$ cat entry.cif   # mmCIF, C-alpha atoms and all ligand atoms
data_start
loop_
_atom_site.label_atom_id
_atom_site.label_comp_id
_atom_site.auth_asym_id
_atom_site.auth_seq_id
_atom_site.Cartn_x
_atom_site.Cartn_y
_atom_site.Cartn_z
CA MET A 1 -119.09 58.24 45.55
CA VAL A 2 -116.07 60.53 45.05
CA LYS A 3 -116.36 63.71 47.15
CA ALA A 4 -116.50 66.87 45.01
CA LYS A 5 -113.46 69.10 45.44
CA THR A 6 -113.94 72.38 47.24
CA LEU A 7 -114.24 75.12 44.65
CA VAL A 8 -112.28 78.35 44.97
CA VAL A 9 -112.94 81.02 42.37
CA ALA A 10 -110.29 83.72 42.23
CA ASN A 11 -111.75 86.97 40.95
CA TRP A 12 -108.89 89.26 39.96
CA LYS A 13 -111.38 91.97 38.92
CA MET A 14 -109.52 94.73 36.96
CA ASN A 15 -106.13 93.82 38.46
CA PRO A 16 -103.17 94.03 38.37
CA GLU A 17 -102.14 97.04 36.34
CA THR A 18 -99.55 95.49 34.03
CA TYR A 19 -98.95 92.28 32.12
CA LYS A 20 -95.67 91.78 33.93
CA GLU A 21 -97.35 91.84 37.33
CA ALA A 22 -100.08 89.55 36.05
CA GLU A 23 -97.49 86.98 34.95
CA LYS A 24 -95.93 87.07 38.40
CA ILE A 25 -99.22 86.60 40.23
CA TYR A 26 -100.22 83.89 37.80
CA ALA A 27 -96.96 81.97 38.30
CA GLY A 28 -97.31 82.24 42.10
CA SER A 29 -100.92 81.11 41.95
CA VAL A 30 -100.00 78.01 39.93
CA VAL A 31 -97.35 77.08 42.53
CA ALA A 32 -99.97 77.57 45.28
CA LEU A 33 -102.73 75.57 43.71
CA LYS A 34 -100.46 72.65 42.84
CA LYS A 35 -99.93 72.22 46.59
CA ALA A 36 -103.66 72.08 47.33
CA SER A 37 -104.79 69.01 45.44
CA LYS A 38 -108.18 68.80 47.17
CA VAL A 39 -109.20 72.26 46.03
CA LYS A 40 -110.35 73.10 42.53
CA VAL A 41 -109.22 76.59 41.59
CA VAL A 42 -110.74 78.70 38.85
CA LEU A 43 -108.81 81.82 37.90
CA CYS A 44 -111.10 84.56 36.62
CA LEU A 45 -108.84 87.06 34.93
CA PRO A 46 -109.33 90.18 32.83
CA TYR A 47 -109.79 89.31 29.14
CA THR A 48 -106.39 90.73 28.20
CA TRP A 49 -104.47 87.89 29.82
CA LEU A 50 -107.19 85.27 30.09
CA THR A 51 -106.63 83.54 26.79
CA ASP A 52 -102.87 83.97 26.91
CA PHE A 53 -102.55 82.20 30.27
CA SER A 54 -105.28 79.68 29.47
CA HIS A 55 -103.04 78.19 26.81
CA LYS A 56 -100.24 77.56 29.28
CA GLU A 57 -101.23 75.20 32.13
CA LYS A 58 -104.48 73.69 31.04
CA LYS A 59 -104.29 70.64 33.26
CA VAL A 60 -103.97 72.21 36.71
CA VAL A 61 -105.89 75.44 36.33
CA SER A 62 -109.36 76.20 35.11
CA PHE A 63 -110.06 79.63 33.72
CA GLY A 64 -113.03 81.91 33.94
CA ALA A 65 -114.12 85.26 32.55
CA GLN A 66 -115.72 87.99 34.63
CA ASP A 67 -118.56 88.68 32.20
CA ALA A 68 -119.90 87.59 28.81
CA SER A 69 -122.24 89.02 26.25
CA ILE A 70 -125.75 87.79 25.44
CA GLU A 71 -124.88 88.04 21.75
CA VAL A 72 -123.13 85.43 19.60
CA LYS A 73 -121.28 87.81 17.25
CA GLY A 74 -121.73 91.01 15.27
CA PRO A 75 -121.74 94.76 15.82
CA HIS A 76 -121.32 94.84 19.61
CA THR A 77 -118.21 96.90 20.23
CA GLY A 78 -116.42 96.01 23.44
CA GLU A 79 -118.36 92.79 24.03
CA VAL A 80 -117.00 89.24 24.23
CA SER A 81 -119.31 86.33 23.43
CA PRO A 82 -119.60 83.05 25.35
CA THR A 83 -118.51 81.12 22.25
CA MET A 84 -115.34 83.21 21.99
CA LEU A 85 -114.60 82.18 25.56
CA THR A 86 -115.26 78.45 25.17
CA SER A 87 -113.30 78.29 21.94
CA SER A 88 -110.34 79.91 23.73
CA GLY A 89 -110.24 77.29 26.50
CA VAL A 90 -112.24 79.24 29.07
CA GLU A 91 -114.61 77.01 31.08
CA TYR A 92 -116.28 79.34 33.58
CA VAL A 93 -117.83 82.78 33.66
CA ILE A 94 -118.84 85.00 36.56
CA LEU A 95 -122.16 86.70 35.80
CA GLY A 96 -124.17 89.30 37.69
CA HIS A 97 -121.33 90.38 39.98
CA SER A 98 -122.49 93.29 42.15
CA GLU A 99 -119.85 95.54 40.57
CA ARG A 100 -121.49 94.92 37.18
CA ARG A 101 -124.99 95.23 38.59
CA ALA A 102 -123.86 98.62 39.96
CA LEU A 103 -123.10 99.64 36.35
CA GLY A 104 -126.72 98.99 35.46
CA GLU A 105 -127.08 95.25 34.85
CA THR A 106 -130.61 94.22 35.74
CA ASP A 107 -131.84 90.77 36.80
CA GLU A 108 -133.41 90.50 33.34
CA LEU A 109 -130.08 91.09 31.59
CA VAL A 110 -128.26 88.78 34.01
CA SER A 111 -130.82 86.07 33.29
CA GLN A 112 -130.24 86.47 29.53
CA LYS A 113 -126.49 86.27 30.08
CA VAL A 114 -126.86 83.13 32.20
CA SER A 115 -128.94 81.53 29.49
CA ALA A 116 -126.58 82.51 26.61
CA SER A 117 -123.51 81.26 28.49
CA LEU A 118 -125.03 77.97 29.64
CA LYS A 119 -126.13 77.25 26.07
CA THR A 120 -122.53 77.38 24.86
CA GLY A 121 -121.39 74.99 27.59
CA LEU A 122 -119.76 77.51 29.93
CA ARG A 123 -120.08 76.86 33.66
CA VAL A 124 -121.85 79.87 35.13
CA ILE A 125 -121.07 81.39 38.52
CA LEU A 126 -124.13 83.52 39.18
CA CYS A 127 -123.54 86.20 41.84
CA VAL A 128 -126.35 87.28 44.12
CA GLY A 129 -126.38 89.25 47.36
CA GLU A 130 -128.16 91.99 49.24
CA LYS A 131 -126.75 95.51 49.51
CA THR A 132 -127.68 95.92 53.16
CA ARG A 133 -129.18 93.88 55.99
CA ASP A 134 -132.16 95.03 58.04
CA LEU A 135 -133.77 93.73 61.20
CA HIS A 136 -137.11 92.98 59.53
CA GLY A 137 -135.63 90.48 57.09
CA ASP A 138 -136.48 92.50 53.95
CA TYR A 139 -133.05 91.53 52.59
CA LEU A 140 -134.29 87.94 52.38
CA LEU A 141 -137.14 89.00 50.10
CA PHE A 142 -134.65 90.94 47.99
CA LEU A 143 -132.37 87.91 47.77
CA ARG A 144 -135.20 85.56 46.86
CA HIS A 145 -136.38 87.88 44.08
CA GLN A 146 -132.87 88.32 42.78
CA ILE A 147 -132.35 84.55 42.60
CA ILE A 148 -135.72 83.84 41.00
CA ASN A 149 -135.42 86.70 38.49
CA SER A 150 -131.79 85.99 37.57
CA LEU A 151 -132.64 82.35 36.85
CA ASN A 152 -135.89 83.11 35.12
CA LYS A 153 -136.48 80.63 32.29
CA ILE A 154 -133.25 78.69 32.79
CA PRO A 155 -134.28 75.08 32.13
CA LYS A 156 -133.41 72.25 34.48
CA ARG A 157 -131.16 70.55 31.96
CA TYR A 158 -128.53 73.26 32.46
CA LEU A 159 -128.34 72.98 36.23
CA LYS A 160 -125.25 70.79 36.26
CA LYS A 161 -123.26 73.78 35.01
CA LEU A 162 -124.73 76.33 37.40
CA ILE A 163 -123.06 77.59 40.59
CA VAL A 164 -124.52 80.32 42.80
CA ALA A 165 -122.11 82.68 44.55
CA TYR A 166 -123.62 84.47 47.51
CA GLU A 167 -121.80 87.77 47.95
CA PRO A 168 -123.43 90.19 50.37
CA VAL A 169 -122.44 93.54 48.88
CA TRP A 170 -121.78 95.07 52.30
CA ALA A 171 -119.08 92.44 52.97
CA ILE A 172 -117.10 92.87 49.74
CA GLY A 173 -113.66 94.48 49.79
CA LYS A 174 -113.48 94.91 53.57
CA SER A 175 -111.02 93.64 56.15
CA ASP A 176 -111.37 89.94 56.93
CA ASP A 177 -113.02 90.49 60.31
CA GLU A 178 -115.83 92.26 58.45
CA ALA A 179 -116.73 89.19 56.39
CA MET A 180 -120.12 87.71 57.14
CA ASN A 181 -120.31 85.79 60.41
CA VAL A 182 -120.55 82.05 59.95
CA ARG A 183 -123.90 81.62 61.69
CA ASP A 184 -125.57 84.15 59.39
CA LEU A 185 -123.87 82.56 56.41
CA HIS A 186 -125.17 79.14 57.37
CA GLU A 187 -128.73 80.48 57.67
CA THR A 188 -128.49 82.35 54.41
CA SER A 189 -127.06 79.42 52.47
CA ILE A 190 -130.05 77.31 53.63
CA PHE A 191 -132.36 80.13 52.55
CA ILE A 192 -130.72 80.22 49.10
CA LYS A 193 -131.02 76.44 48.73
CA LYS A 194 -134.73 76.75 49.56
CA ALA A 195 -135.19 79.46 46.93
CA LEU A 196 -133.44 77.23 44.38
CA ALA A 197 -135.61 74.29 45.44
CA GLU A 198 -138.65 76.50 44.88
CA ILE A 199 -137.62 76.99 41.24
CA TYR A 200 -136.20 73.58 40.43
CA GLY A 201 -137.71 71.20 42.99
CA PRO A 202 -136.04 69.90 46.14
CA VAL A 203 -133.82 67.26 44.54
CA GLU A 204 -132.34 69.32 41.69
CA GLY A 205 -132.41 72.66 43.50
CA MET A 206 -130.48 71.39 46.51
CA LYS A 207 -127.66 70.06 44.33
CA ILE A 208 -126.62 73.48 43.01
CA PRO A 209 -123.32 74.42 44.74
CA ILE A 210 -123.28 77.62 46.78
CA LEU A 211 -120.13 79.70 47.17
CA TYR A 212 -119.54 82.54 49.61
CA GLY A 213 -117.69 85.72 48.62
CA GLY A 214 -116.89 88.90 50.53
CA SER A 215 -113.57 89.59 52.31
CA VAL A 216 -112.49 85.96 52.36
CA SER A 217 -108.91 85.56 53.61
CA HIS A 218 -106.49 82.87 54.74
CA LYS A 219 -107.70 83.61 58.29
CA ASN A 220 -111.44 83.11 57.84
CA ALA A 221 -111.68 80.77 54.81
CA LYS A 222 -111.90 77.51 56.73
CA ASP A 223 -114.60 78.65 59.14
CA LEU A 224 -116.65 80.26 56.40
CA LEU A 225 -116.50 77.06 54.40
CA THR A 226 -117.13 74.50 57.12
CA LEU A 227 -119.31 76.36 59.63
CA GLY A 228 -121.02 78.46 56.96
CA GLU A 229 -121.75 75.20 55.11
CA VAL A 230 -121.02 76.41 51.60
CA GLN A 231 -119.38 74.36 48.88
CA GLY A 232 -116.74 76.87 47.95
CA LEU A 233 -115.44 80.44 48.08
CA LEU A 234 -115.18 83.39 45.73
CA VAL A 235 -112.03 85.28 46.58
CA GLY A 236 -111.18 88.78 45.39
CA ARG A 237 -108.30 90.72 46.90
CA GLU A 238 -106.59 87.80 48.62
CA SER A 239 -106.23 85.96 45.30
CA LEU A 240 -103.86 88.69 44.07
CA ASN A 241 -101.28 87.86 46.70
CA PRO A 242 -99.90 84.38 45.88
CA LYS A 243 -98.42 83.81 49.35
CA LYS A 244 -101.69 84.62 51.12
CA PHE A 245 -103.63 82.76 48.45
CA GLU A 246 -101.46 79.72 49.09
CA SER A 247 -102.17 79.89 52.85
CA LEU A 248 -105.86 80.19 52.07
CA LEU A 249 -105.82 77.14 49.80
CA LEU A 250 -103.80 75.08 52.25
CA SER A 251 -106.12 76.03 55.14
CA ILE A 252 -109.06 74.37 53.35
CA ASN A 253 -107.17 71.53 51.71
CA GLY A 254 -107.88 69.06 54.53
P1 LIG A 301 -113.16 90.52 48.06
O1 LIG A 301 -114.00 90.44 46.69
O2 LIG A 301 -112.69 89.11 48.37
O3 LIG A 301 -112.04 91.45 47.77
O4 LIG A 301 -114.10 91.02 49.11
C1 LIG A 301 -114.89 89.41 46.44
C2 LIG A 301 -115.68 89.70 45.18
O5 LIG A 301 -116.14 90.83 44.98
O6 LIG A 301 -115.84 88.81 44.32
#

$ encode --input "entry.cif" --output "structure tokens" --more "lines below"
Ligand code: PGA
Amino acid sequence: MVKAKTLVVANWKMNPETYKEAEKIYAGSVVALKKASKVKVVLCLPYTWLTDFSHKEKKVVSFGAQDASIEVKGPHTGEVSPTMLTSSGVEYVILGHSERRALGETDELVSQKVSASLKTGLRVILCVGEKTRDLHGDYLLFLRHQIINSLNKIPKRYLKKLIVAYEPVWAIGKSDDEAMNVRDLHETSIFIKKALAEIYGPVEGMKIPILYGGSVSHKNAKDLLTLGEVQGLLVGRESLNPKKFESLLLSING
């Protein structure tokens, strides 16, 4: 059996400020990812440059959006539908990111988005993660509910296109020594697999890839991946610096 490539999802969020800068980061990222042939990179860019860049280097890069509507078309000002994305060469979408949940997205809405996107053939990166950790383990209950509610009613036949990104909110956007420690990550990734197995059964549930996100850098990427036992990484800030992004990719390319 061919080993699946490690997945790295670069989440540019609402960055950079100008098209010119975006072109520069994009060009640097392409150079970086061409050197790391054992890593599959998905660039999740703001809509403004997503479709423009997605027509350039289709073969080496995969593209993702950072959100998608539950609607197909019509009077929904400001929204972009999953079909618009797939028909523009976009393959992936991040859904339920904590920064969108903070704007009011509920598990119910996230679940509808997951369903609408999977139906059009997009690969969905569903973000989950607790806001805080406590000594009693209440965060585990929170996480379990979030997973179950966000995947509510998603049939098994779509699982091949589902990826779960575990992003503890408290670890996002910090310095790299504030990322989650690898032992806790390992425990939590097993916990998430168990929650997925609860919904989809042990065989199917265990196959869903888990990514870690939250202050991933070229310094901690390898340990998070190997000792944390996750199948990939979701990288924010570090993906905007092509040199550091290259070091990150090369560090896990073994
Ligand atoms: P960060 O962001 O790598 O800057 O912490 C990760 C994310 O929010 O997806």

$ residues_near_ligand --input "entry.cif" --ligand "ligand LIG 301 (chain A)" --cutoff "9 Å" --atoms "only C-alpha atoms and all ligand atoms" --output "PyMOL selection string"
chain A and resi 9-13+97-99+127+165+167+169+171-176+179+212-217+234-239

$ axis_aligned_box --input "entry.cif" --around "region 225-238 of chain A" --padding-each-side "5 Å" --output "AutoDock Vina command-line options"
--center_x -114.2 --center_y 82.5 --center_z 52.5 --size_x 25.2 --size_y 26.4 --size_z 24.2

$ atom_distance --input "entry.cif" --atom1 "CA of Leu240 (chain A)" --atom2 "CA of Ser29 (chain A)"
8.4 Å

$ closest_residue --input "entry.cif" --among "A:Gly78, A:Val182, A:Lys161, A:Ser54" --to "Ala221 (chain A)" --atoms "all atoms listed in the file"
A:Val182

$ atom_distance --input "entry.cif" --atom1 "CA of Val93 (chain A)" --atom2 "CA of Ala68 (chain A)"
7.1 Å

$ closest_residue --input "entry.cif" --among "A:Thr226, A:Thr132, A:Gln231, A:Asn181" --to "Lys193 (chain A)" --atoms "only C-alpha atoms"
A:Gln231

$ atom_distance --input "entry.cif" --atom1 "CA of Leu185 (chain A)" --atom2 "CA of Gly228 (chain A)"
5.0 Å

$ residues_around --input "entry.cif" --residues "Val72 (chain A)" --least-positions-apart "2" --cutoff "7 Å" --atoms "all atoms listed in the file" --output "mmCIF file with C-alpha atoms, in the coordinates of the input"
data_model
loop_
_atom_site.group_PDB
_atom_site.id
_atom_site.type_symbol
_atom_site.label_atom_id
_atom_site.label_comp_id
_atom_site.auth_asym_id
_atom_site.auth_seq_id
_atom_site.Cartn_x
_atom_site.Cartn_y
_atom_site.Cartn_z
ATOM 1 C CA ILE A 70 -125.750 87.790 25.440
ATOM 2 C CA SER A 81 -119.310 86.330 23.430
ATOM 3 C CA THR A 83 -118.510 81.120 22.250
#

$ closest_residue --input "entry.cif" --among "A:Thr51, A:Lys38, A:Ser117, A:Thr77" --to "Gly89 (chain A)" --atoms "only C-alpha atoms"
A:Thr51

$ closest_residue --input "entry.cif" --among "A:Val203, A:Leu126, A:Leu95, A:Ala32" --to "Lys156 (chain A)" --atoms "all atoms listed in the file"
A:Val203

$ residues_around --input "entry.cif" --residues "Ile208 (chain A)" --least-positions-apart "5" --cutoff "12 Å" --atoms "all atoms listed in the file" --output "ChimeraX atom specification"
/A:123-126,156,158-165,189-190,192-197,199-203,230-232

$ closest_residue --input "entry.cif" --among "A:Ile148, A:Ile25, A:Leu109, A:Val41" --to "Lys5 (chain A)" --atoms "all atoms listed in the file"
A:Val41

$ closest_residue --input "entry.cif" --among "A:Lys35, A:His55, A:Lys131, A:Lys119" --to "Val90 (chain A)" --atoms "only C-alpha atoms"
A:His55

$ residues_around --input "entry.cif" --residues "Leu50 (chain A)" --least-positions-apart "3" --cutoff "10 Å" --atoms "only C-alpha atoms" --output "PyMOL selection string"
chain A and resi 43-47+53-55+63-65+85+88-90
